[in-house]
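**Q** Contents of upload_9.cif (mmCIF, C-alpha atoms) are below:
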```cif
data_run
#
loop_
_atom_site.label_atom_id
_atom_site.label_comp_id
_atom_site.auth_asym_id
_atom_site.auth_seq_id
_atom_site.Cartn_x
_atom_site.Cartn_y
_atom_site.Cartn_z
CA MET A 1 -20.89 66.23 59.80
CA ALA A 2 -19.32 64.55 62.80
CA ASN A 3 -16.37 66.16 64.56
CA LYS A 4 -12.81 65.70 63.41
CA GLU A 5 -12.00 63.00 65.96
CA GLN A 6 -14.93 60.81 64.94
CA VAL A 7 -14.08 61.18 61.25
CA PHE A 8 -10.42 60.40 61.95
CA ASP A 9 -11.30 57.28 63.94
CA LYS A 10 -13.56 55.95 61.19
CA VAL A 11 -11.00 56.77 58.48
CA LYS A 12 -8.31 55.05 60.55
CA GLU A 13 -10.48 51.94 60.87
CA ILE A 14 -10.97 51.80 57.09
CA ILE A 15 -7.26 52.35 56.39
CA VAL A 16 -6.25 49.59 58.81
CA ASP A 17 -8.75 47.27 57.14
CA GLN A 18 -7.86 48.18 53.54
CA LEU A 19 -4.09 48.48 53.80
CA GLY A 20 -3.49 45.92 56.52
CA VAL A 21 -1.34 48.32 58.59
CA ASP A 22 -1.16 48.74 62.38
CA GLU A 23 -3.38 51.34 64.03
CA GLU A 24 -0.36 53.17 65.47
CA GLU A 25 0.99 53.80 61.97
CA VAL A 26 -2.14 55.68 60.93
CA VAL A 27 -1.24 59.18 62.09
CA PRO A 28 -2.59 62.33 60.41
CA GLU A 29 0.63 63.16 58.58
CA ALA A 30 1.18 59.61 57.28
CA SER A 31 1.42 59.42 53.48
CA PHE A 32 -0.49 56.50 51.97
CA ILE A 33 2.25 55.68 49.50
CA ASP A 34 5.44 56.62 51.39
CA ASP A 35 4.49 55.64 54.95
CA LEU A 36 1.67 53.12 54.69
CA GLY A 37 3.00 51.13 51.72
CA ALA A 38 -0.01 51.69 49.47
CA ASP A 39 0.17 51.52 45.68
CA SER A 40 -2.15 53.16 43.16
CA LEU A 41 -4.65 50.30 43.23
CA ASP A 42 -4.74 50.32 47.05
CA ILE A 43 -5.60 54.00 46.90
CA VAL A 44 -8.43 53.38 44.42
CA GLU A 45 -9.88 50.77 46.78
CA LEU A 46 -9.38 53.01 49.81
CA ILE A 47 -11.15 55.92 48.11
CA MET A 48 -14.04 53.58 47.20
CA ALA A 49 -14.30 52.38 50.81
CA LEU A 50 -14.35 55.97 52.07
CA GLU A 51 -17.02 56.89 49.52
CA GLU A 52 -19.17 54.00 50.67
CA GLU A 53 -18.72 54.73 54.39
CA PHE A 54 -19.36 58.48 54.17
CA GLY A 55 -21.89 58.49 51.29
CA LEU A 56 -19.60 60.55 49.03
CA GLU A 57 -18.58 60.66 45.38
CA ILE A 58 -14.94 61.70 45.25
CA PRO A 59 -14.06 62.83 41.70
CA ASP A 60 -10.76 61.65 40.21
CA ASP A 61 -9.02 65.02 40.27
CA GLU A 62 -9.94 65.44 43.96
CA ALA A 63 -8.92 61.87 44.78
CA GLU A 64 -5.48 62.52 43.28
CA LYS A 65 -4.90 65.29 45.86
CA ILE A 66 -5.58 62.96 48.80
CA ALA A 67 -2.07 61.88 49.73
CA THR A 68 -2.11 61.70 53.52
CA VAL A 69 -4.48 60.52 56.23
CA ASN A 70 -5.19 64.14 57.13
CA ASP A 71 -6.01 64.99 53.48
CA ALA A 72 -8.69 62.28 53.57
CA VAL A 73 -10.11 63.44 56.92
CA GLU A 74 -10.25 67.08 55.77
CA TYR A 75 -11.88 66.19 52.46
CA ILE A 76 -14.54 64.17 54.21
CA ARG A 77 -15.22 66.87 56.79
CA GLU A 78 -15.69 69.45 54.05
CA ASN A 79 -17.78 67.34 51.71
CA ALA A 80 -19.73 64.71 53.63
CA MET B 1 -41.54 20.43 30.48
CA THR B 2 -38.82 23.05 30.74
CA THR B 3 -35.83 22.76 28.50
CA ARG B 4 -32.52 23.93 29.89
CA ALA B 5 -29.12 24.40 28.28
CA ILE B 6 -26.72 22.07 30.03
CA VAL B 7 -22.95 22.21 29.70
CA ALA B 8 -22.35 19.04 27.69
CA GLY B 9 -18.68 19.74 26.99
CA LEU B 10 -15.80 22.09 27.62
CA GLY B 11 -12.45 22.40 25.88
CA THR B 12 -9.56 24.84 25.90
CA TYR B 13 -6.48 25.66 23.88
CA VAL B 14 -3.40 27.55 25.05
CA PRO B 15 -0.48 28.35 22.73
CA GLU B 16 2.88 26.80 23.54
CA LYS B 17 5.14 29.85 23.78
CA ILE B 18 5.46 31.39 27.26
CA LEU B 19 6.35 35.01 27.97
CA THR B 20 7.57 35.45 31.56
CA ASN B 21 7.88 38.60 33.64
CA GLN B 22 11.64 38.25 33.25
CA ASP B 23 11.21 38.30 29.46
CA LEU B 24 9.13 41.48 29.79
CA GLU B 25 11.81 43.11 31.93
CA GLN B 26 13.99 42.98 28.78
CA MET B 27 11.27 44.58 26.63
CA VAL B 28 9.80 47.42 28.72
CA ASP B 29 10.68 49.35 31.86
CA THR B 30 9.06 47.04 34.41
CA SER B 31 9.95 44.45 37.04
CA ASP B 32 8.71 41.03 38.09
CA GLU B 33 7.95 42.42 41.56
CA TRP B 34 5.89 45.32 40.16
CA ILE B 35 3.87 43.03 37.86
CA VAL B 36 3.20 40.39 40.52
CA THR B 37 2.09 42.83 43.23
CA ARG B 38 -0.12 44.90 40.88
CA THR B 39 -1.63 42.07 38.85
CA GLY B 40 -0.77 38.61 40.21
CA ILE B 41 0.58 37.60 36.77
CA LYS B 42 3.87 35.66 36.47
CA GLU B 43 3.68 34.43 32.87
CA ARG B 44 1.37 34.33 29.88
CA HIS B 45 1.15 32.33 26.65
CA ILE B 46 1.67 33.97 23.27
CA ALA B 47 0.20 32.63 20.02
CA ALA B 48 2.47 31.99 17.04
CA PRO B 49 1.94 34.15 13.93
CA ASP B 50 -0.10 31.39 12.23
CA GLU B 51 -2.19 30.75 15.35
CA THR B 52 -5.00 33.15 14.64
CA THR B 53 -8.05 33.54 16.85
CA SER B 54 -10.03 31.10 14.68
CA VAL B 55 -7.23 28.53 14.77
CA MET B 56 -7.12 28.61 18.57
CA ALA B 57 -10.94 28.61 18.67
CA THR B 58 -11.12 25.54 16.46
CA ARG B 59 -8.59 23.64 18.56
CA ALA B 60 -10.56 24.39 21.75
CA SER B 61 -13.80 23.46 19.98
CA ILE B 62 -12.50 20.04 18.87
CA ARG B 63 -11.72 19.28 22.53
CA ALA B 64 -15.12 20.54 23.68
CA LEU B 65 -16.89 18.35 21.10
CA ALA B 66 -14.90 15.31 22.25
CA ASP B 67 -15.76 16.11 25.88
CA ALA B 68 -19.44 16.28 24.90
CA GLY B 69 -19.20 13.05 22.92
CA ILE B 70 -20.57 14.60 19.74
CA THR B 71 -19.12 15.56 16.37
CA ALA B 72 -19.10 18.89 14.58
CA ASP B 73 -21.91 17.63 12.34
CA ASP B 74 -24.16 17.42 15.42
CA LEU B 75 -23.81 21.18 16.00
CA ASP B 76 -26.56 23.47 14.84
CA PHE B 77 -25.15 26.89 15.81
CA ILE B 78 -21.80 28.54 16.56
CA VAL B 79 -21.49 31.61 18.75
CA CYS B 80 -17.98 33.04 18.97
CA ALA B 81 -17.14 35.74 21.49
CA THR B 82 -13.99 37.60 20.46
CA ASN B 83 -12.47 41.07 20.39
CA THR B 84 -9.67 40.11 18.03
CA PRO B 85 -11.38 38.39 15.09
CA ASP B 86 -9.09 37.06 12.33
CA THR B 87 -10.55 39.84 10.20
CA ILE B 88 -13.12 42.55 10.95
CA PHE B 89 -15.27 40.55 8.54
CA PRO B 90 -16.05 37.78 7.74
CA SER B 91 -16.70 36.47 11.22
CA THR B 92 -14.48 34.17 13.21
CA ALA B 93 -17.53 31.93 13.80
CA ALA B 94 -17.79 31.29 10.05
CA ARG B 95 -14.08 30.49 9.90
CA VAL B 96 -14.45 28.02 12.76
CA GLN B 97 -17.41 26.39 11.02
CA HIS B 98 -15.26 25.95 7.92
CA GLN B 99 -12.36 24.49 9.94
CA LEU B 100 -14.64 22.09 11.85
CA THR B 101 -17.07 20.77 9.27
CA THR B 102 -18.33 20.95 5.71
CA LYS B 103 -21.92 21.24 6.93
CA PRO B 104 -23.18 24.85 6.76
CA ILE B 105 -24.75 25.98 10.03
CA PRO B 106 -25.51 29.42 11.49
CA GLY B 107 -22.56 31.18 13.07
CA VAL B 108 -22.08 34.63 14.54
CA ASP B 109 -19.48 36.63 16.46
CA ILE B 110 -20.25 38.49 19.65
CA GLN B 111 -18.18 41.47 20.66
CA ALA B 112 -18.79 42.50 24.26
CA GLY B 113 -15.28 43.01 25.60
CA CYS B 114 -14.11 40.42 28.08
CA THR B 115 -17.77 39.79 29.00
CA GLY B 116 -18.45 38.34 25.54
CA LEU B 117 -18.42 34.72 26.67
CA ILE B 118 -21.02 35.46 29.38
CA TYR B 119 -23.19 37.09 26.70
CA GLY B 120 -22.67 34.13 24.39
CA MET B 121 -23.74 31.63 27.04
CA GLU B 122 -26.99 33.51 27.74
CA MET B 123 -27.80 33.99 24.06
CA ALA B 124 -27.11 30.34 23.24
CA SER B 125 -29.19 29.24 26.21
CA ALA B 126 -32.12 31.35 24.97
CA LEU B 127 -31.78 29.89 21.46
CA ILE B 128 -31.87 26.39 22.95
CA GLN B 129 -34.85 27.18 25.19
CA SER B 130 -36.70 28.52 22.16
CA GLY B 131 -36.62 24.97 20.82
CA ALA B 132 -35.05 26.02 17.53
CA TYR B 133 -31.55 24.70 18.29
CA HIS B 134 -30.18 21.79 20.25
CA ASN B 135 -26.34 21.75 20.26
CA ILE B 136 -24.61 25.13 20.31
CA LEU B 137 -20.90 25.76 20.40
CA VAL B 138 -20.10 28.83 22.52
CA ILE B 139 -16.52 29.94 22.00
CA GLY B 140 -14.41 32.53 23.78
CA ALA B 141 -11.20 33.15 21.81
CA ASP B 142 -8.84 36.11 21.71
CA LYS B 143 -5.37 36.86 20.44
CA LEU B 144 -4.95 39.98 22.55
CA THR B 145 -1.23 40.07 21.92
CA SER B 146 -2.10 41.08 18.33
CA ILE B 147 -3.37 44.43 19.71
CA THR B 148 -1.00 44.76 22.68
CA ASP B 149 1.45 47.67 22.59
CA TYR B 150 4.79 46.35 23.82
CA GLU B 151 5.97 49.94 24.25
CA ASP B 152 3.21 50.62 26.83
CA ARG B 153 4.37 49.16 30.12
CA THR B 154 0.96 49.61 31.75
CA THR B 155 -0.73 47.13 29.39
CA ALA B 156 2.09 45.05 27.88
CA VAL B 157 2.36 42.94 31.03
CA LEU B 158 -1.30 42.02 31.26
CA PHE B 159 -2.34 40.01 28.24
CA GLY B 160 -2.00 36.51 26.87
CA ASP B 161 -3.64 34.43 24.13
CA ALA B 162 -6.00 31.46 24.51
CA ALA B 163 -9.34 29.98 23.53
CA GLY B 164 -12.09 28.04 25.26
CA ALA B 165 -15.32 26.47 24.04
CA PHE B 166 -18.49 25.15 25.63
CA VAL B 167 -20.99 22.79 24.05
CA LEU B 168 -24.40 23.78 25.35
CA GLN B 169 -27.10 21.18 24.81
CA GLY B 170 -30.86 21.24 25.29
CA LYS B 171 -32.21 18.86 27.89
CA GLU B 172 -35.76 18.50 29.15
CA GLY B 173 -36.86 18.14 32.74
CA THR B 174 -33.48 18.74 34.36
CA GLN B 175 -32.51 20.85 37.34
CA ARG B 176 -29.06 21.22 35.84
CA GLY B 177 -27.80 23.66 33.25
CA LEU B 178 -27.78 27.43 32.88
CA LEU B 179 -30.21 28.73 35.50
CA ALA B 180 -29.93 32.49 35.01
CA SER B 181 -27.74 35.24 33.62
CA TYR B 182 -27.23 38.90 34.36
CA LEU B 183 -25.95 41.11 31.52
CA GLN B 184 -25.18 44.81 31.38
CA ALA B 185 -23.65 47.33 29.00
CA ASP B 186 -23.07 51.02 29.70
CA GLY B 187 -21.31 53.00 26.98
CA ARG B 188 -20.49 55.96 29.23
CA GLY B 189 -17.24 54.25 30.15
CA GLY B 190 -16.43 53.33 26.56
CA ASP B 191 -13.15 55.25 26.46
CA LEU B 192 -11.70 53.48 29.50
CA LEU B 193 -10.85 50.40 27.49
CA ILE B 194 -10.63 50.87 23.73
CA GLU B 195 -8.85 50.12 20.47
CA PRO B 196 -9.26 53.63 19.07
CA ALA B 197 -8.60 53.14 15.34
CA GLY B 198 -9.51 50.70 12.60
CA GLY B 199 -13.28 51.18 12.80
CA SER B 200 -15.56 53.65 11.03
CA MET B 201 -14.77 56.39 13.53
CA LEU B 202 -11.06 56.38 12.83
CA PRO B 203 -10.26 54.25 9.77
CA ALA B 204 -6.72 52.97 9.44
CA SER B 205 -4.29 55.54 8.05
CA GLU B 206 -0.61 56.31 8.27
CA GLU B 207 -1.44 58.70 11.11
CA THR B 208 -3.37 56.13 13.16
CA VAL B 209 -0.53 53.66 12.79
CA ALA B 210 2.09 56.27 13.74
CA ALA B 211 0.01 57.26 16.78
CA ARG B 212 -0.21 53.59 17.87
CA GLN B 213 -4.01 53.80 17.83
CA HIS B 214 -4.48 50.22 16.65
CA TYR B 215 -3.42 48.97 20.06
CA LEU B 216 -5.54 48.42 23.13
CA LYS B 217 -5.60 51.47 25.40
CA MET B 218 -6.69 51.25 29.01
CA ASN B 219 -7.21 53.67 31.86
CA GLY B 220 -6.06 51.21 34.50
CA ASN B 221 -7.16 52.90 37.70
CA GLU B 222 -10.64 53.77 36.44
CA THR B 223 -11.13 50.30 34.95
CA PHE B 224 -10.04 48.80 38.27
CA ARG B 225 -12.53 51.00 40.11
CA PHE B 226 -15.32 49.90 37.75
CA ALA B 227 -14.38 46.23 38.02
CA VAL B 228 -14.25 46.17 41.80
CA LYS B 229 -17.91 47.28 41.81
CA ALA B 230 -19.11 45.39 38.73
CA MET B 231 -17.89 41.91 39.68
CA PRO B 232 -19.77 41.61 43.00
CA GLU B 233 -22.85 43.21 41.44
CA ALA B 234 -22.84 40.65 38.62
CA VAL B 235 -22.50 37.77 41.06
CA GLU B 236 -25.23 39.02 43.40
CA GLU B 237 -27.70 39.88 40.64
CA GLY B 238 -27.13 36.64 38.73
CA LEU B 239 -27.71 34.57 41.84
CA LYS B 240 -30.77 36.62 42.71
CA LYS B 241 -32.26 35.89 39.27
CA ALA B 242 -31.62 32.20 39.87
CA GLY B 243 -33.33 32.45 43.25
CA LEU B 244 -30.12 31.56 45.09
CA ALA B 245 -28.13 33.17 47.91
CA VAL B 246 -24.40 33.90 47.75
CA SER B 247 -23.96 31.21 50.41
CA GLU B 248 -25.39 28.65 47.96
CA MET B 249 -22.66 29.33 45.39
CA ASP B 250 -20.24 26.40 45.38
CA LEU B 251 -17.68 27.80 42.96
CA LEU B 252 -16.96 31.27 41.62
CA VAL B 253 -15.10 31.45 38.30
CA PRO B 254 -14.23 35.11 37.87
CA HIS B 255 -12.74 36.71 34.77
CA GLN B 256 -8.98 36.69 35.35
CA ALA B 257 -7.99 40.28 34.62
CA ASN B 258 -6.17 41.22 37.78
CA LEU B 259 -5.70 39.26 41.00
CA ARG B 260 -6.41 42.40 43.01
CA ILE B 261 -9.90 42.65 41.49
CA ILE B 262 -10.61 39.01 42.31
CA ASP B 263 -9.30 39.52 45.85
CA ALA B 264 -11.60 42.51 46.33
CA ALA B 265 -14.62 40.41 45.34
CA VAL B 266 -13.52 37.54 47.58
CA ARG B 267 -13.19 39.92 50.53
CA ARG B 268 -16.60 41.41 49.86
CA PHE B 269 -18.32 38.03 49.90
CA GLU B 270 -16.00 36.64 52.61
CA LEU B 271 -15.48 33.59 50.40
CA ASP B 272 -13.19 30.76 51.34
CA PRO B 273 -10.41 30.67 48.68
CA SER B 274 -11.36 27.05 47.92
CA ARG B 275 -14.58 28.41 46.36
CA VAL B 276 -12.83 30.76 43.93
CA VAL B 277 -10.82 29.70 40.89
CA VAL B 278 -7.63 31.66 40.23
CA ASN B 279 -5.06 30.85 37.54
CA ILE B 280 -4.12 34.33 36.34
CA ASP B 281 -0.53 33.76 37.50
CA ARG B 282 0.12 31.41 34.57
CA TYR B 283 -2.01 32.87 31.77
CA GLY B 284 -2.53 36.59 32.38
CA ASN B 285 -5.65 38.19 31.02
CA THR B 286 -6.79 36.19 27.97
CA SER B 287 -10.07 38.15 27.72
CA VAL B 288 -13.04 35.91 26.82
CA ALA B 289 -10.89 32.79 27.30
CA THR B 290 -10.08 33.29 31.00
CA ILE B 291 -13.28 31.71 32.30
CA PRO B 292 -13.16 28.49 30.24
CA LEU B 293 -9.46 28.14 31.13
CA ALA B 294 -10.10 28.61 34.85
CA LEU B 295 -13.18 26.36 34.89
CA GLN B 296 -11.38 23.59 33.01
CA GLU B 297 -8.50 23.74 35.46
CA ALA B 298 -10.95 23.51 38.39
CA ARG B 299 -12.56 20.45 36.75
CA GLU B 300 -9.18 18.78 36.35
CA GLN B 301 -8.46 19.47 40.03
CA GLY B 302 -11.73 17.75 41.00
CA ARG B 303 -13.24 20.97 42.30
CA VAL B 304 -16.41 20.84 40.16
CA HIS B 305 -19.09 18.32 41.11
CA ASP B 306 -22.48 17.44 39.67
CA ASP B 307 -25.21 19.77 40.98
CA ASP B 308 -22.69 22.37 42.20
CA VAL B 309 -23.80 25.96 41.70
CA VAL B 310 -21.05 27.47 39.52
CA VAL B 311 -21.05 31.21 38.86
CA LEU B 312 -19.12 32.68 35.92
CA CYS B 313 -18.66 36.45 36.06
CA ALA B 314 -16.82 38.99 33.96
CA PHE B 315 -16.42 42.66 33.10
CA GLY B 316 -14.83 44.36 30.14
CA ALA B 317 -14.80 46.96 27.39
CA GLY B 318 -18.12 48.58 26.60
CA LEU B 319 -18.28 48.86 29.48
CA THR B 320 -19.95 45.50 29.93
CA TRP B 321 -20.38 43.17 32.87
CA GLY B 322 -22.39 40.10 33.71
CA SER B 323 -22.68 36.58 35.09
CA ASN B 324 -23.98 33.10 34.29
CA VAL B 325 -25.32 30.88 37.06
CA ILE B 326 -24.99 27.18 36.20
CA ARG B 327 -26.03 24.07 38.06
CA TRP B 328 -23.23 21.79 36.95
CA GLY B 329 -23.72 18.41 35.31
CA ARG B 330 -25.08 16.89 32.15
#
```
Could you render the structure as structure tokens?
**A**
Amino acid sequence: MANKEQVFDKVKEIIVDQLGVDEEEVVPEASFIDDLGADSLDIVELIMALEEEFGLEIPDDEAEKIATVNDAVEYIRENA
Amino acid sequence: MTTRAIVAGLGTYVPEKILTNQDLEQMVDTSDEWIVTRTGIKERHIAAPDETTSVMATRASIRALADAGITADDLDFIVCATNTPDTIFPSTAARVQHQLTTKPIPGVDIQAGCTGLIYGMEMASALIQSGAYHNILVIGADKLTSITDYEDRTTAVLFGDAAGAFVLQGKEGTQRGLLASYLQADGRGGDLLIEPAGGSMLPASEETVAARQHYLKMNGNETFRFAVKAMPEAVEEGLKKAGLAVSEMDLLVPHQANLRIIDAAVRRFELDPSRVVVNIDRYGNTSVATIPLALQEAREQGRVHDDDVVVLCAFGAGLTWGSNVIRWGR
């Protein structure tokens, strides 16, 4: 899989698109709910967009653990 | 010459009583802001105790017959999509027949979750194209509040009651009418959206009542995930069967379950909002009645023109999903 920076940039692009936040807000430690204003349905849509982009199936119990931008990047790097 | 089922008439019925988000704030731990941002719903209509599913269905049907310019005695079949029949048996279709006319005609209920109306339209169209029937009443009626648990804040806010009815009529040599349908059912997701008790699996008992198993249960996030995929698929596949491109769709009438699901579909197709009908804010999710309600409202607003390509699409318990592609006009 691509290096961390490439994955981060793609994930950032998807988050900006899905959550309608500014690029600068999407830092690795940002929490989707607390910092980026997402609710549970936003997260479902975000996970679906990530699955589509990276050709993944993220099971529910794994998806629940993805709370920050970095969690998403790490999960993708390990599984894509 | 090809016979097609045209939409000869459409009628709806909505009960008088309104339940607002503010009313719900007094009943369960929720807030207007939470409900609006998660669902887009501001209020919904609630049927009176004597307004059963068949009563609402009959009232919508009388209006549909008037719109079509025919009487109940001209009907030769009744298809009623519902998930909340007056009784498990006999059927709601038979009750509607009895309330509409003294003339015995075939009548049957369809139970396909919120997709039931889409199923009913396709089945009625096929019956008409077979040449055996000419005027079919296709009803979508549900009294979801009769199975809504007002102690469950995740579902209590979603549902309302209503009915809608189409008169489908056979017509030869027309380009109008129902062009194609796409229907699916996949029982793997059956537990996502379910009324657990009251059937042969879990007959009614003191225990099932105590455990609140006669109410609708929903896994909201998983259902949302399914719906966000199923709605665009239904639209694309239905149009493909009709030999049309998404760009040729004039009006999309999606099942009104959650504004966020509709928004996701709109974003996917990059549709101008003027091409999508949304009225969930005032009615909530009325199951099989959402599409007739939304389409009727669009007609009244002058948004439906002869020869427009109108796509109806829905998803629901089963899981089921599907679409009807109609070229509008009689």
**Q** Please, which residues of chain A lie no more than 9 Å from chain B when the count uses all atoms listed in the file, and can they be set out as a PyMOL selection string?
**A** chain A and resi 39-41+44-45+48+60
**Q** For the selection you just gave me, I'd like the residues written to a file as a CSV table (one decimal), in the frame of the given file, keeping C-alpha atoms.
**A**
```csv
chain,number,residue,atom,x,y,z
A,39,ASP,CA,0.2,51.5,45.7
A,40,SER,CA,-2.2,53.2,43.2
A,41,LEU,CA,-4.6,50.3,43.2
A,44,VAL,CA,-8.4,53.4,44.4
A,45,GLU,CA,-9.9,50.8,46.8
A,48,MET,CA,-14.0,53.6,47.2
A,60,ASP,CA,-10.8,61.6,40.2
```
**Q** Applied to this file, what does the PyMOL selection byres ((chain A and resi 68) around 9) return in terms of residues, put as a VMD selection string?
**A** chain A and resid 27 to 33 65 to 67 69 to 73
**Q** Could you tell me which residues the PyMOL selection byres ((chain B and resi 79) around 9) returns for this structure, as a ChimeraX atom specification?
**A** /B:77-78,80-81,93,106-110,120-121,123-124,136-140
**Q** Please produce an output containing C-alpha atoms for each residue in the selection, written as an mmCIF file, in the coordinates of the input.
**A**
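What ended up in again-v1.cif:
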```cif
data_model
loop_
_atom_site.group_PDB
_atom_site.id
_atom_site.type_symbol
_atom_site.label_atom_id
_atom_site.label_comp_id
_atom_site.auth_asym_id
_atom_site.auth_seq_id
_atom_site.Cartn_x
_atom_site.Cartn_y
_atom_site.Cartn_z
ATOM 1 C CA PHE B 77 -25.150 26.890 15.810
ATOM 2 C CA ILE B 78 -21.800 28.540 16.560
ATOM 3 C CA CYS B 80 -17.980 33.040 18.970
ATOM 4 C CA ALA B 81 -17.140 35.740 21.490
ATOM 5 C CA ALA B 93 -17.530 31.930 13.800
ATOM 6 C CA PRO B 106 -25.510 29.420 11.490
ATOM 7 C CA GLY B 107 -22.560 31.180 13.070
ATOM 8 C CA VAL B 108 -22.080 34.630 14.540
ATOM 9 C CA ASP B 109 -19.480 36.630 16.460
ATOM 10 C CA ILE B 110 -20.250 38.490 19.650
ATOM 11 C CA GLY B 120 -22.670 34.130 24.390
ATOM 12 C CA MET B 121 -23.740 31.630 27.040
ATOM 13 C CA MET B 123 -27.800 33.990 24.060
ATOM 14 C CA ALA B 124 -27.110 30.340 23.240
ATOM 15 C CA ILE B 136 -24.610 25.130 20.310
ATOM 16 C CA LEU B 137 -20.900 25.760 20.400
ATOM 17 C CA VAL B 138 -20.100 28.830 22.520
ATOM 18 C CA ILE B 139 -16.520 29.940 22.000
ATOM 19 C CA GLY B 140 -14.410 32.530 23.780
#
```
**Q** What is the CA of Gly316 in chain B-CA of Gly302 in chain B distance in Å, reported with one decimal?
**A**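 CA of Gly302 in chain B lies 28.9 Å from CA of Gly316 in chain B.
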**Q** So which residues touch Val276 in chain B within 9 Å, counting all atoms listed in the file, skipping near sequence neighbours fewer than 2 positions away, as a list in words?
**A**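 After dropping sequence-adjacent residues, the list is Asp250, Leu251, Leu252, Val253, Pro254, Ile262, Val266, Leu271, Asp272, Pro273, Ser274 and Val278 of chain B.
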**Q** Would you mind listing what lies within 6 Å of range 155-168 of chain B as a PDB file with C-alpha atoms, in the coordinates of the input, with only C-alpha atoms counted and same-chain residues fewer than 5 positions away left out?
**A**
```
ATOM      1  CA  ALA B   5     -29.120  24.400  28.280  1.00  0.00           C
ATOM      2  CA  ILE B   6     -26.720  22.070  30.030  1.00  0.00           C
ATOM      3  CA  VAL B   7     -22.950  22.210  29.700  1.00  0.00           C
ATOM      4  CA  ALA B   8     -22.350  19.040  27.690  1.00  0.00           C
ATOM      5  CA  GLY B   9     -18.680  19.740  26.990  1.00  0.00           C
ATOM      6  CA  LEU B  10     -15.800  22.090  27.620  1.00  0.00           C
ATOM      7  CA  GLY B  11     -12.450  22.400  25.880  1.00  0.00           C
ATOM      8  CA  THR B  12      -9.560  24.840  25.900  1.00  0.00           C
ATOM      9  CA  TYR B  13      -6.480  25.660  23.880  1.00  0.00           C
ATOM     10  CA  VAL B  14      -3.400  27.550  25.050  1.00  0.00           C
ATOM     11  CA  ARG B  44       1.370  34.330  29.880  1.00  0.00           C
ATOM     12  CA  HIS B  45       1.150  32.330  26.650  1.00  0.00           C
ATOM     13  CA  ILE B  46       1.670  33.970  23.270  1.00  0.00           C
ATOM     14  CA  ALA B  47       0.200  32.630  20.020  1.00  0.00           C
ATOM     15  CA  MET B  56      -7.120  28.610  18.570  1.00  0.00           C
ATOM     16  CA  ALA B  57     -10.940  28.610  18.670  1.00  0.00           C
ATOM     17  CA  ALA B  60     -10.560  24.390  21.750  1.00  0.00           C
ATOM     18  CA  SER B  61     -13.800  23.460  19.980  1.00  0.00           C
ATOM     19  CA  ALA B  64     -15.120  20.540  23.680  1.00  0.00           C
ATOM     20  CA  ASN B 135     -26.340  21.750  20.260  1.00  0.00           C
ATOM     21  CA  ILE B 136     -24.610  25.130  20.310  1.00  0.00           C
ATOM     22  CA  LEU B 137     -20.900  25.760  20.400  1.00  0.00           C
ATOM     23  CA  VAL B 138     -20.100  28.830  22.520  1.00  0.00           C
ATOM     24  CA  ILE B 139     -16.520  29.940  22.000  1.00  0.00           C
ATOM     25  CA  GLY B 140     -14.410  32.530  23.780  1.00  0.00           C
ATOM     26  CA  ALA B 141     -11.200  33.150  21.810  1.00  0.00           C
ATOM     27  CA  ASP B 142      -8.840  36.110  21.710  1.00  0.00           C
ATOM     28  CA  LYS B 143      -5.370  36.860  20.440  1.00  0.00           C
ATOM     29  CA  LEU B 144      -4.950  39.980  22.550  1.00  0.00           C
ATOM     30  CA  ASP B 149       1.450  47.670  22.590  1.00  0.00           C
ATOM     31  CA  TYR B 150       4.790  46.350  23.820  1.00  0.00           C
ATOM     32  CA  GLY B 284      -2.530  36.590  32.380  1.00  0.00           C
ATOM     33  CA  ASN B 285      -5.650  38.190  31.020  1.00  0.00           C
ATOM     34  CA  THR B 286      -6.790  36.190  27.970  1.00  0.00           C
ATOM     35  CA  ALA B 289     -10.890  32.790  27.300  1.00  0.00           C
ATOM     36  CA  PRO B 292     -13.160  28.490  30.240  1.00  0.00           C
TER      37      PRO B 292
END
```
**Q** Report as a VMD selection string all protein, DNA and RNA residues lying within 8 Å of Ile14 in chain A, evaluated on all atoms listed in the file, omitting residues in the same chain fewer than 5 positions from it.
**A** chain A and resid 46 49 to 50
**Q** Give me, please, the distance in Å between CA of Trp328 in chain B and CA of Arg267 in chain B, quoted to one decimal.
**A**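 Computing it gives 24.8 Å between the two atoms.
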**Q** Measuring between all atoms listed in the file, which one of B:Ala72, B:Thr145, B:Leu127, B:Lys103 shows the shortest distance to Ala48 in chain B?
**A**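 For Ala48 in chain B, the nearest of the candidates is B:Thr145.
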**Q** Carefully work through the PyMOL selection byres ((chain A and resi 10) around 12) for this structure and note down the residues it includes, as a list in words.
**A**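 Output of the PyMOL selection byres ((chain A and resi 10) around 12): Ala2, Asn3, Lys4, Glu5, Gln6, Val7, Phe8, Asp9, Val11, Lys12, Glu13, Ile14, Ile15, Val16, Asp17, Glu23, Val26, Ala49, Leu50, Glu53, Phe54, Val69, Ala72, Val73, Ile76 and Arg77 of chain A.
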